[in-house]
file upload.pdb (PDB, C-alpha atoms)
ATOM      1  CA  MET N   2      10.329 -27.502 -48.146  1.00  0.00           C
ATOM      2  CA  THR N   3       9.311 -23.963 -49.007  1.00  0.00           C
ATOM      3  CA  THR N   4      12.928 -23.145 -49.853  1.00  0.00           C
ATOM      4  CA  LEU N   5      13.161 -26.047 -52.301  1.00  0.00           C
ATOM      5  CA  TYR N   6       9.810 -25.015 -53.809  1.00  0.00           C
ATOM      6  CA  ILE N   7      10.988 -21.440 -54.334  1.00  0.00           C
ATOM      7  CA  ILE N   8      14.291 -22.614 -55.842  1.00  0.00           C
ATOM      8  CA  THR N   9      12.474 -24.839 -58.337  1.00  0.00           C
ATOM      9  CA  ARG N  10      10.108 -22.002 -59.275  1.00  0.00           C
ATOM     10  CA  ILE N  11      13.065 -19.684 -59.889  1.00  0.00           C
ATOM     11  CA  LEU N  12      14.828 -22.354 -61.966  1.00  0.00           C
ATOM     12  CA  THR N  13      11.677 -22.765 -64.034  1.00  0.00           C
ATOM     13  CA  PHE N  14      10.815 -19.061 -64.178  1.00  0.00           C
ATOM     14  CA  PRO N  15       9.403 -18.995 -67.752  1.00  0.00           C
ATOM     15  CA  GLY N  16       6.783 -21.606 -66.882  1.00  0.00           C
ATOM     16  CA  ALA N  17       6.217 -20.176 -63.407  1.00  0.00           C
ATOM     17  CA  TYR N  18       5.610 -16.709 -64.788  1.00  0.00           C
ATOM     18  CA  LEU N  19       3.290 -17.980 -67.498  1.00  0.00           C
ATOM     19  CA  ARG N  20       1.369 -20.057 -64.941  1.00  0.00           C
ATOM     20  CA  GLY N  21       0.818 -16.902 -62.877  1.00  0.00           C
ATOM     21  CA  PHE N  22      -0.373 -15.096 -66.003  1.00  0.00           C
ATOM     22  CA  TRP N  23      -2.900 -17.854 -66.793  1.00  0.00           C
ATOM     23  CA  GLU N  24      -4.141 -17.763 -63.197  1.00  0.00           C
ATOM     24  CA  GLN N  25      -4.579 -13.999 -63.272  1.00  0.00           C
ATOM     25  CA  LEU N  26      -6.413 -14.255 -66.585  1.00  0.00           C
ATOM     26  CA  THR N  27      -8.706 -16.921 -65.129  1.00  0.00           C
ATOM     27  CA  CYS N  28      -9.399 -14.709 -62.111  1.00  0.00           C
ATOM     28  CA  ARG N  29     -10.300 -11.820 -64.411  1.00  0.00           C
ATOM     29  CA  ILE N  30     -12.603 -14.006 -66.492  1.00  0.00           C
ATOM     30  CA  LEU N  31     -14.350 -15.331 -63.371  1.00  0.00           C
ATOM     31  CA  GLY N  32     -14.481 -11.924 -61.671  1.00  0.00           C
ATOM     32  CA  LEU N  33     -12.422 -13.062 -58.680  1.00  0.00           C
ATOM     33  CA  PRO N  34     -10.429 -10.266 -57.062  1.00  0.00           C
ATOM     34  CA  VAL N  35      -6.656 -10.719 -57.016  1.00  0.00           C
ATOM     35  CA  GLU N  36      -5.296  -9.822 -53.590  1.00  0.00           C
ATOM     36  CA  VAL N  37      -1.567  -9.518 -54.289  1.00  0.00           C
ATOM     37  CA  PRO N  38      -0.290  -8.866 -57.807  1.00  0.00           C
ATOM     38  CA  GLY N  39       2.963 -10.408 -58.967  1.00  0.00           C
ATOM     39  CA  TYR N  40       3.749 -13.861 -60.196  1.00  0.00           C
ATOM     40  CA  LEU N  41       7.259 -14.557 -58.918  1.00  0.00           C
ATOM     41  CA  ARG N  42       7.158 -13.617 -55.265  1.00  0.00           C
ATOM     42  CA  ILE N  43       9.518 -15.286 -52.831  1.00  0.00           C
ATOM     43  CA  ASP N  44       6.935 -17.154 -50.741  1.00  0.00           C
ATOM     44  CA  GLU N  45       4.875 -20.349 -50.846  1.00  0.00           C
ATOM     45  CA  ALA N  46       2.624 -18.882 -53.572  1.00  0.00           C
ATOM     46  CA  CYS N  47       5.460 -18.340 -56.038  1.00  0.00           C
ATOM     47  CA  SER N  48       4.165 -18.735 -59.609  1.00  0.00           C
ATOM     48  CA  HIS N  49       0.599 -18.272 -58.425  1.00  0.00           C
ATOM     49  CA  VAL N  50      -1.572 -15.232 -57.794  1.00  0.00           C
ATOM     50  CA  GLU N  51      -3.258 -14.771 -54.457  1.00  0.00           C
ATOM     51  CA  HIS N  52      -6.970 -14.533 -55.037  1.00  0.00           C
ATOM     52  CA  THR N  53     -10.204 -15.121 -53.223  1.00  0.00           C
ATOM     53  CA  LEU N  54     -11.483 -18.665 -53.463  1.00  0.00           C
ATOM     54  CA  ALA N  55     -14.256 -19.398 -55.925  1.00  0.00           C
ATOM     55  CA  LYS N  56     -17.648 -20.139 -54.395  1.00  0.00           C
ATOM     56  CA  LYS N  57     -19.334 -21.749 -57.414  1.00  0.00           C
ATOM     57  CA  GLY N  58     -18.693 -25.231 -58.752  1.00  0.00           C
ATOM     58  CA  PHE N  59     -17.419 -24.580 -62.257  1.00  0.00           C
ATOM     59  CA  ALA N  60     -15.477 -21.495 -61.150  1.00  0.00           C
ATOM     60  CA  SER N  61     -13.596 -23.539 -58.554  1.00  0.00           C
ATOM     61  CA  TYR N  62     -12.939 -26.240 -61.146  1.00  0.00           C
ATOM     62  CA  LEU N  63     -11.611 -23.677 -63.611  1.00  0.00           C
ATOM     63  CA  MET N  64      -9.372 -22.074 -60.966  1.00  0.00           C
ATOM     64  CA  ALA N  65      -7.891 -25.449 -60.049  1.00  0.00           C
ATOM     65  CA  THR N  66      -7.377 -26.807 -63.555  1.00  0.00           C
ATOM     66  CA  GLY N  67      -7.557 -23.997 -66.134  1.00  0.00           C
ATOM     67  CA  ALA N  68      -4.127 -22.417 -65.755  1.00  0.00           C
ATOM     68  CA  GLY N  69      -2.397 -25.778 -65.510  1.00  0.00           C
ATOM     69  CA  PHE N  70      -4.207 -27.016 -68.603  1.00  0.00           C
ATOM     70  CA  MET N  71      -3.048 -23.972 -70.554  1.00  0.00           C
ATOM     71  CA  ASN N  72       0.536 -24.442 -69.353  1.00  0.00           C
ATOM     72  CA  PHE N  73       0.410 -28.134 -70.259  1.00  0.00           C
ATOM     73  CA  MET N  74      -1.091 -27.578 -73.714  1.00  0.00           C
ATOM     74  CA  SER N  75       1.439 -24.897 -74.609  1.00  0.00           C
ATOM     75  CA  GLY N  76       4.438 -26.489 -72.874  1.00  0.00           C
ATOM     76  CA  LEU N  77       4.161 -30.023 -74.236  1.00  0.00           C
ATOM     77  CA  PRO N  78       4.627 -29.142 -77.932  1.00  0.00           C
ATOM     78  CA  ILE N  79       7.508 -26.793 -77.133  1.00  0.00           C
ATOM     79  CA  PHE N  80       9.210 -29.419 -74.985  1.00  0.00           C
ATOM     80  CA  LEU N  81       8.687 -32.202 -77.509  1.00  0.00           C
ATOM     81  CA  ALA N  82       9.942 -30.083 -80.413  1.00  0.00           C
ATOM     82  CA  GLY N  83      13.189 -29.322 -78.618  1.00  0.00           C
ATOM     83  CA  TYR N  84      13.616 -32.725 -76.975  1.00  0.00           C
ATOM     84  CA  MET N  85      12.922 -34.790 -80.094  1.00  0.00           C
ATOM     85  CA  ASN N  86      15.437 -32.826 -82.136  1.00  0.00           C
ATOM     86  CA  LEU N  87      18.114 -33.208 -79.490  1.00  0.00           C
ATOM     87  CA  ARG N  88      17.448 -36.800 -78.530  1.00  0.00           C
ATOM     88  CA  TYR N  89      16.253 -38.543 -81.666  1.00  0.00           C
ATOM     89  CA  MET N  90      17.400 -36.322 -84.521  1.00  0.00           C
ATOM     90  CA  GLY N  91      20.871 -36.063 -83.016  1.00  0.00           C
ATOM     91  CA  ILE N  92      21.369 -32.317 -83.309  1.00  0.00           C
ATOM     92  CA  THR N  93      24.717 -31.537 -81.666  1.00  0.00           C
ATOM     93  CA  HIS N  94      26.759 -28.401 -81.115  1.00  0.00           C
ATOM     94  CA  HIS N  95      29.392 -29.676 -83.571  1.00  0.00           C
ATOM     95  CA  GLU N  96      27.058 -29.912 -86.561  1.00  0.00           C
ATOM     96  CA  SER N  97      24.795 -26.945 -86.004  1.00  0.00           C
ATOM     97  CA  PRO N  98      25.488 -24.714 -82.995  1.00  0.00           C
ATOM     98  CA  GLY N  99      22.602 -22.328 -83.728  1.00  0.00           C
ATOM     99  CA  TYR N 100      19.987 -25.054 -83.922  1.00  0.00           C
ATOM    100  CA  PHE N 101      21.496 -26.826 -80.930  1.00  0.00           C
ATOM    101  CA  ILE N 102      21.130 -23.728 -78.739  1.00  0.00           C
ATOM    102  CA  PHE N 103      17.628 -23.116 -80.087  1.00  0.00           C
ATOM    103  CA  TYR N 104      16.526 -26.674 -79.259  1.00  0.00           C
ATOM    104  CA  ILE N 105      18.130 -26.516 -75.809  1.00  0.00           C
ATOM    105  CA  LEU N 106      16.119 -23.333 -75.132  1.00  0.00           C
ATOM    106  CA  MET N 107      12.927 -24.935 -76.452  1.00  0.00           C
ATOM    107  CA  THR N 108      13.449 -27.970 -74.220  1.00  0.00           C
ATOM    108  CA  TYR N 109      14.105 -25.741 -71.206  1.00  0.00           C
ATOM    109  CA  VAL N 110      11.064 -23.521 -71.767  1.00  0.00           C
ATOM    110  CA  GLY N 111       8.808 -26.520 -72.378  1.00  0.00           C
ATOM    111  CA  PHE N 112      10.242 -28.277 -69.319  1.00  0.00           C
ATOM    112  CA  SER N 113       9.644 -25.206 -67.175  1.00  0.00           C
ATOM    113  CA  MET N 114       6.038 -24.988 -68.347  1.00  0.00           C
ATOM    114  CA  LEU N 115       5.436 -28.683 -67.637  1.00  0.00           C
ATOM    115  CA  CYS N 116       6.850 -28.281 -64.118  1.00  0.00           C
ATOM    116  CA  ASN N 117       4.204 -25.664 -63.323  1.00  0.00           C
ATOM    117  CA  ILE N 118       0.887 -27.290 -64.176  1.00  0.00           C
ATOM    118  CA  PHE N 119      -0.655 -27.980 -60.778  1.00  0.00           C
ATOM    119  CA  PRO N 120      -2.670 -25.553 -58.620  1.00  0.00           C
ATOM    120  CA  LEU N 121      -2.041 -24.347 -55.123  1.00  0.00           C
ATOM    121  CA  VAL N 122      -3.169 -26.778 -52.451  1.00  0.00           C
ATOM    122  CA  GLU N 123      -5.829 -24.264 -51.355  1.00  0.00           C
ATOM    123  CA  ASP N 124      -7.370 -24.185 -54.836  1.00  0.00           C
ATOM    124  CA  ALA N 125      -7.410 -27.974 -55.072  1.00  0.00           C
ATOM    125  CA  MET N 126      -8.946 -28.309 -51.620  1.00  0.00           C
ATOM    126  CA  ASN N 127     -11.512 -25.637 -52.480  1.00  0.00           C
ATOM    127  CA  LEU N 128     -12.487 -27.574 -55.604  1.00  0.00           C
ATOM    128  CA  PHE N 129     -12.933 -30.757 -53.581  1.00  0.00           C
ATOM    129  CA  ASP N 130     -14.950 -28.893 -50.953  1.00  0.00           C
ATOM    130  CA  VAL N 131     -17.228 -27.040 -53.382  1.00  0.00           C
ATOM    131  CA  ALA N 132     -17.791 -29.931 -55.779  1.00  0.00           C
ATOM    132  CA  TYR N 133     -17.902 -32.955 -53.531  1.00  0.00           C
ATOM    133  CA  LYS N 134     -18.737 -31.804 -50.003  1.00  0.00           C
ATOM    134  CA  GLN N 135     -21.075 -28.880 -50.678  1.00  0.00           C
ATOM    135  CA  LYS N 136     -22.249 -30.544 -53.922  1.00  0.00           C
ATOM    136  CA  LYS N 137     -22.486 -27.297 -55.883  1.00  0.00           C
ATOM    137  CA  ILE N 138     -21.865 -29.265 -59.082  1.00  0.00           C
ATOM    138  CA  ASN N 139     -24.530 -31.701 -60.251  1.00  0.00           C
ATOM    139  CA  ILE N 140     -23.849 -35.444 -60.340  1.00  0.00           C
ATOM    140  CA  ILE N 141     -22.936 -35.476 -64.045  1.00  0.00           C
ATOM    141  CA  GLY N 142     -20.436 -32.674 -63.533  1.00  0.00           C
ATOM    142  CA  ARG N 143     -18.919 -34.436 -60.522  1.00  0.00           C
ATOM    143  CA  ILE N 144     -18.473 -37.599 -62.575  1.00  0.00           C
ATOM    144  CA  ILE N 145     -16.958 -35.749 -65.551  1.00  0.00           C
ATOM    145  CA  PHE N 146     -14.666 -33.655 -63.337  1.00  0.00           C
ATOM    146  CA  ALA N 147     -13.622 -36.543 -61.051  1.00  0.00           C
ATOM    147  CA  ILE N 148     -10.367 -37.492 -62.785  1.00  0.00           C
ATOM    148  CA  PRO N 149      -9.118 -33.918 -63.450  1.00  0.00           C
ATOM    149  CA  SER N 150     -10.057 -32.979 -59.885  1.00  0.00           C
ATOM    150  CA  ALA N 151      -8.177 -35.950 -58.443  1.00  0.00           C
ATOM    151  CA  LEU N 152      -5.120 -35.177 -60.592  1.00  0.00           C
ATOM    152  CA  ALA N 153      -5.196 -31.539 -59.498  1.00  0.00           C
ATOM    153  CA  TYR N 154      -5.543 -32.557 -55.850  1.00  0.00           C
ATOM    154  CA  VAL N 155      -2.689 -35.069 -55.859  1.00  0.00           C
ATOM    155  CA  GLY N 156      -0.514 -32.942 -58.146  1.00  0.00           C
ATOM    156  CA  SER N 157      -0.876 -29.876 -55.935  1.00  0.00           C
ATOM    157  CA  PHE N 158       0.658 -31.768 -53.027  1.00  0.00           C
ATOM    158  CA  LEU N 159       3.416 -33.164 -55.249  1.00  0.00           C
ATOM    159  CA  GLU N 160       4.209 -29.692 -56.571  1.00  0.00           C
ATOM    160  CA  LYS N 161       4.171 -28.209 -53.063  1.00  0.00           C
ATOM    161  CA  TYR N 162       7.139 -30.418 -52.187  1.00  0.00           C
ATOM    162  CA  SER N 163       8.819 -30.028 -55.629  1.00  0.00           C
ATOM    163  CA  ILE N 164       8.380 -33.704 -56.451  1.00  0.00           C
ATOM    164  CA  THR N 165       7.036 -32.891 -59.922  1.00  0.00           C
ATOM    165  CA  PHE N 166      10.213 -30.976 -60.755  1.00  0.00           C
ATOM    166  CA  ILE N 167      12.460 -33.758 -59.427  1.00  0.00           C
ATOM    167  CA  LEU N 168      10.581 -36.520 -61.282  1.00  0.00           C
ATOM    168  CA  LEU N 169      10.458 -34.667 -64.589  1.00  0.00           C
ATOM    169  CA  ALA N 170      14.113 -33.629 -64.363  1.00  0.00           C
ATOM    170  CA  ALA N 171      15.138 -37.205 -63.540  1.00  0.00           C
ATOM    171  CA  ALA N 172      13.113 -38.551 -66.475  1.00  0.00           C
ATOM    172  CA  VAL N 173      14.695 -36.117 -68.926  1.00  0.00           C
ATOM    173  CA  VAL N 174      18.227 -36.766 -67.678  1.00  0.00           C
ATOM    174  CA  LEU N 175      17.721 -40.533 -67.710  1.00  0.00           C
ATOM    175  CA  SER N 176      16.324 -40.429 -71.238  1.00  0.00           C
ATOM    176  CA  PHE N 177      19.518 -38.781 -72.463  1.00  0.00           C
ATOM    177  CA  VAL N 178      21.794 -41.106 -70.502  1.00  0.00           C
ATOM    178  CA  LEU N 179      20.143 -44.385 -71.432  1.00  0.00           C
TER
END
call {"tool": "encode", "arguments": {"input": "upload.pdb", "output": "C-alpha cells"}}
result
Amino acid sequence: MTTLYIITRILTFPGAYLRGFWEQLTCRILGLPVEVPGYLRIDEACSHVEHTLAKKGFASYLMATGAGFMNFMSGLPIFLAGYMNLRYMGITHHESPGYFIFYILMTYVGFSMLCNIFPLVEDAMNLFDVAYKQKKINIIGRIIFAIPSALAYVGSFLEKYSITFILLAAAVVLSFVL
C-alpha cells in the first residue's frame, strides 16, 4: 500500500507540498526539531516532515490537527470556486477556454489540498496516547478535543491506505457524471 500512497501524494503534489509546509511551520512554532527536511520524499512519510513527537497535550493536538486544518481551510474555498463554476455555472472550453482552464486548475489544486488533510498515523497515535492515556490534557480539553482527535485518528488510517483520495476522486467524478 505504500506504493499507492506515494502515487496519490505525487498526483496531489500541490496539496502534499503545502501540507508538509504547514507541518514544518507547526514544528517551528512548537519548537520540535525536524529530523529530515523535505516534503515530497519517496517513502511512507511523503507530504509530511519527520519530527520528534510532541510530549505535551496541546502540542500533540496541534501536530495532529493543525496542518490538516490549514490545508482544509485553504483548500475548500479553492476547490468550491473551481468546481461550482465548472459544474453549476456550466463553464466549458467552447465558450471560454481561458476560464475553463483556470477553473480546472482551481479544482485540481483544491482537490489536492483536500486529499492531504490527515496526519501521519504516528502523530494521531501520539495524540491519543498523550491526551487520553497519559491524561496530559485536562478533562475539559479532552472533551473539546474528542471529535477532532477521533477524526484525525480515523482519517490517518484512511489516508495511509489512500482511501481518502479514492473516495474524494470518486465523489467528484460521480458528481460530474450524474
call {"tool": "atom_distance", "arguments": {"input": "upload.pdb", "atom1": "CA of Gly39 (chain N)", "atom2": "CA of Lys57 (chain N)"}}
result
25.1 Å
call {"tool": "resolve_selection", "arguments": {"input": "upload.pdb", "expression": "the PyMOL selection byres ((chain N and resi 152) around 12)", "output": "NGL selection string"}}
result
:N and (62 or 65-66 or 69-70 or 118-120 or 122 or 125-126 or 128-129 or 146-151 or 153-160)
call {"tool": "resolve_selection", "arguments": {"input": "upload.pdb", "expression": "the PyMOL selection byres ((chain N and resi 5) around 12)", "output": "compact mmCIF listing (two decimals) with C-alpha atoms, in the frame of the given file"}}
result
# COMPACT_ATOMS: atom_id res chain seq x y z
CA MET N 2 10.33 -27.50 -48.15
CA THR N 3 9.31 -23.96 -49.01
CA THR N 4 12.93 -23.14 -49.85
CA TYR N 6 9.81 -25.02 -53.81
CA ILE N 7 10.99 -21.44 -54.33
CA ILE N 8 14.29 -22.61 -55.84
CA THR N 9 12.47 -24.84 -58.34
CA ARG N 10 10.11 -22.00 -59.28
CA ILE N 11 13.06 -19.68 -59.89
CA LEU N 12 14.83 -22.35 -61.97
CA ILE N 43 9.52 -15.29 -52.83
CA ASP N 44 6.94 -17.15 -50.74
CA GLU N 45 4.88 -20.35 -50.85
CA CYS N 47 5.46 -18.34 -56.04
CA GLU N 160 4.21 -29.69 -56.57
CA LYS N 161 4.17 -28.21 -53.06
CA TYR N 162 7.14 -30.42 -52.19
CA SER N 163 8.82 -30.03 -55.63
CA ILE N 164 8.38 -33.70 -56.45
CA THR N 165 7.04 -32.89 -59.92
CA PHE N 166 10.21 -30.98 -60.76
CA ILE N 167 12.46 -33.76 -59.43
call {"tool": "atom_distance", "arguments": {"input": "upload.pdb", "atom1": "CA of Ser48 (chain N)", "atom2": "CA of Asn86 (chain N)"}}
result
28.9 Å
call {"tool": "closest_residue", "arguments": {"input": "upload.pdb", "among": "N:Val173, N:Arg42, N:Phe59, N:Leu115", "to": "Asn139 (chain N)", "atoms": "all atoms listed in the file"}}
result
N:Phe59
call {"tool": "resolve_selection", "arguments": {"input": "upload.pdb", "expression": "the PyMOL selection byres ((chain N and resi 33) around 9)", "output": "PyMOL selection string"}}
result
chain N and resi 27-32+34-35+52-55
call {"tool": "write_last_selection", "arguments": {"input": "upload.pdb", "atoms": "C-alpha atoms", "output": "compact mmCIF listing (two decimals), in the coordinates of the input"}}
result
# COMPACT_ATOMS: atom_id res chain seq x y z
CA THR N 27 -8.71 -16.92 -65.13
CA CYS N 28 -9.40 -14.71 -62.11
CA ARG N 29 -10.30 -11.82 -64.41
CA ILE N 30 -12.60 -14.01 -66.49
CA LEU N 31 -14.35 -15.33 -63.37
CA GLY N 32 -14.48 -11.92 -61.67
CA PRO N 34 -10.43 -10.27 -57.06
CA VAL N 35 -6.66 -10.72 -57.02
CA HIS N 52 -6.97 -14.53 -55.04
CA THR N 53 -10.20 -15.12 -53.22
CA LEU N 54 -11.48 -18.66 -53.46
CA ALA N 55 -14.26 -19.40 -55.92
call {"tool": "residues_around", "arguments": {"input": "upload.pdb", "residues": "Lys56 (chain N)", "least_positions_apart": "6", "cutoff": "9 Å", "atoms": "all atoms listed in the file", "output": "list in words"}}
result
Asn127, Val131 and Lys137 of chain N
call {"tool": "residues_around", "arguments": {"input": "upload.pdb", "residues": "Gly21 (chain N)", "least_positions_apart": "6", "cutoff": "6 Å", "atoms": "all atoms listed in the file", "output": "tab-separated table (two decimals) with C-alpha atoms, in the frame of the given file"}}
result
chain	number	residue	atom	x	y	z
N	40	TYR	CA	3.75	-13.86	-60.20
N	48	SER	CA	4.16	-18.74	-59.61
N	49	HIS	CA	0.60	-18.27	-58.42
N	50	VAL	CA	-1.57	-15.23	-57.79
call {"tool": "atom_distance", "arguments": {"input": "upload.pdb", "atom1": "CA of Trp23 (chain N)", "atom2": "CA of Ile140 (chain N)"}}
result
28.1 Å
call {"tool": "closest_residue", "arguments": {"input": "upload.pdb", "among": "N:Glu24, N:Phe80, N:Tyr89, N:Glu36", "to": "Ser176 (chain N)", "atoms": "only C-alpha atoms"}}
result
N:Tyr89
call {"tool": "closest_residue", "arguments": {"input": "upload.pdb", "among": "N:Cys116, N:Leu81, N:Met107, N:Ile92", "to": "Tyr18 (chain N)", "atoms": "only C-alpha atoms"}}
result
N:Cys116
